Amino acid sequence: MLRWARDRAREAGLRSVSPGTGSALRLLAASVAAKAVAEIGTGTGVSGIHLLHGMRPDGVLTTVDPEPEHQQFARQAFRASGFASNRARFIPGRALDVLPRLADAGYDLVFCDGDRLEFLDYLAESLRLLRPGGLVVFEGVFANGRTVDSGPQPTEVLRLRELLRAVRESQELVPSLLPVGDGLLCAVKR
């Protein structure tokens, strides 16, 4: 089913998480015994399948995406992967419109794979959404090596650098940067 979901992503012009990133997401979800996970950027369900495999059997993935069509692909992929329909809650809409409506301290893990220009805003929302000991994870923070390149950079890369600095300097977080896929920034909320 992962191959099917990856093919749908490619056809839609979306990037999906690498197999290494998927494995890391599964491990991270399992390491916090995740029962409630919020995912920003459903895509076609590739990352969601990995997260669901790592979550507790009674866990629910809440996934947000501005494109309901992508969520339909993800819904099919989850079903074909053997997950009951009550294991995922699909919310169409912009993340910054949806996240404020989610429960404070109600999540074990927040996975951010949406608009990189909004990552700093996702961080603020994640800190509110996560329980103590919960994890926030950002995908793609290497920006294909551009975050460490010294030349002039586009706004997206400058925003990623701001995110990296904010997470590193936060007294609320214990961070680590995993060199899988295009960079996975993980941080545990104290």
# chains A, B, ... in the order shown; residues from 1 in each chain; ligands from 1
>>> residues_around(residues="stretch 12-16 of chain A", least_positions_apart="6", cutoff="12 Å", atoms="only C-alpha atoms", output="short mmCIF file (atom, residue, chain, number, x, y, z; two decimals) with C-alpha atoms, in the first residue's frame")
data_model
loop_
_atom_site.label_atom_id
_atom_site.label_comp_id
_atom_site.auth_asym_id
_atom_site.auth_seq_id
_atom_site.Cartn_x
_atom_site.Cartn_y
_atom_site.Cartn_z
CA LEU A 2 2.93 2.33 0.57
CA ARG A 3 3.93 1.97 -3.08
CA TRP A 4 0.36 2.83 -4.17
CA ALA A 5 0.33 5.91 -1.89
CA ARG A 6 3.79 6.98 -3.16
CA GLY A 22 8.94 6.58 7.54
CA GLY A 41 0.04 17.62 5.73
CA THR A 42 -1.86 14.41 4.97
CA GLY A 43 -0.55 14.11 1.44
CA THR A 44 -1.59 10.72 0.07
CA GLY A 45 -1.06 8.89 3.35
CA VAL A 46 2.55 7.68 3.19
CA SER A 47 3.64 9.25 6.50
CA GLY A 48 0.27 8.45 8.09
CA ILE A 49 0.69 4.73 7.39
CA HIS A 50 4.09 4.78 9.12
CA GLU A 67 -6.67 19.35 -0.22
CA GLU A 69 -8.69 15.03 -2.71
CA HIS A 70 -5.35 14.09 -1.15
CA PHE A 73 -6.20 8.92 -1.38
CA ALA A 74 -4.92 8.66 2.21
CA ASP A 113 5.01 18.24 6.99
CA GLY A 114 3.00 21.17 5.68
CA GLU A 139 10.16 16.95 8.07
CA GLY A 140 12.46 18.42 5.41
CA GLY A 181 15.40 11.72 4.43
CA ASP A 182 15.65 15.48 4.02
#
>>> select_by_dssp(residues="stretch 14-165 of chain A", states="strand (DSSP E)", output="JSON, numbers by chain")
{"A": [36, 37, 38, 39, 40, 60, 61, 62, 63, 64, 65, 88, 89, 90, 91, 92, 107, 108, 109, 110, 111, 112, 130, 131, 132, 133, 134, 135, 136, 137, 138, 139]}
>>> atom_distance(atom1="atom CA of A:Pro19", atom2="atom CA of A:Val180")
9.0 Å
>>> residues_around(residues="A:Glu162", least_positions_apart="6", cutoff="10 Å", atoms="only C-alpha atoms", output="PyMOL selection string")
chain A and resi 119-120+156+168
>>> select_by_dssp(residues="stretch 38-166 of chain A", states="alpha helix (DSSP H)", output="number ranges by chain")
A: 46-54, 68-80, 95-98, 119-129, 155-166
>>> residues_around(residues="stretch 29-35 of chain A", least_positions_apart="6", cutoff="10 Å", atoms="only C-alpha atoms", output="list of chain:residue names")
A:His50, A:Leu51, A:Leu52, A:His53, A:Gly54, A:Met55, A:Arg56, A:Pro57, A:Asp58, A:Gly59, A:Val60, A:Leu61, A:Arg87, A:Gly106, A:Tyr107, A:Asp108, A:Leu109, A:Val110, A:Phe111, A:Gly133, A:Gly134, A:Leu135, A:Val188
>>> atom_distance(atom1="atom CA of A:Gln72", atom2="atom CA of A:Ser85")
12.2 Å
>>> residues_around(residues="A:Asp121", least_positions_apart="3", cutoff="10 Å", atoms="only C-alpha atoms", output="PyMOL selection string")
chain A and resi 95-96+116-118+124-126+163
>>> closest_residue(among="A:Val98, A:Ala143, A:Leu185, A:Leu127", to="A:Arg159", atoms="only C-alpha atoms")
A:Ala143
>>> closest_residue(among="A:Val136, A:Ser150, A:Pro175, A:Gly183", to="A:Leu28", atoms="only C-alpha atoms")
A:Val136
>>> closest_residue(among="A:Phe142, A:Ala38, A:Asp115, A:Arg190", to="A:Ile91", atoms="only C-alpha atoms")
A:Ala38
>>> closest_residue(among="A:Arg128, A:Arg26, A:Arg94, A:Arg161", to="A:Pro66", atoms="only C-alpha atoms")
A:Arg94
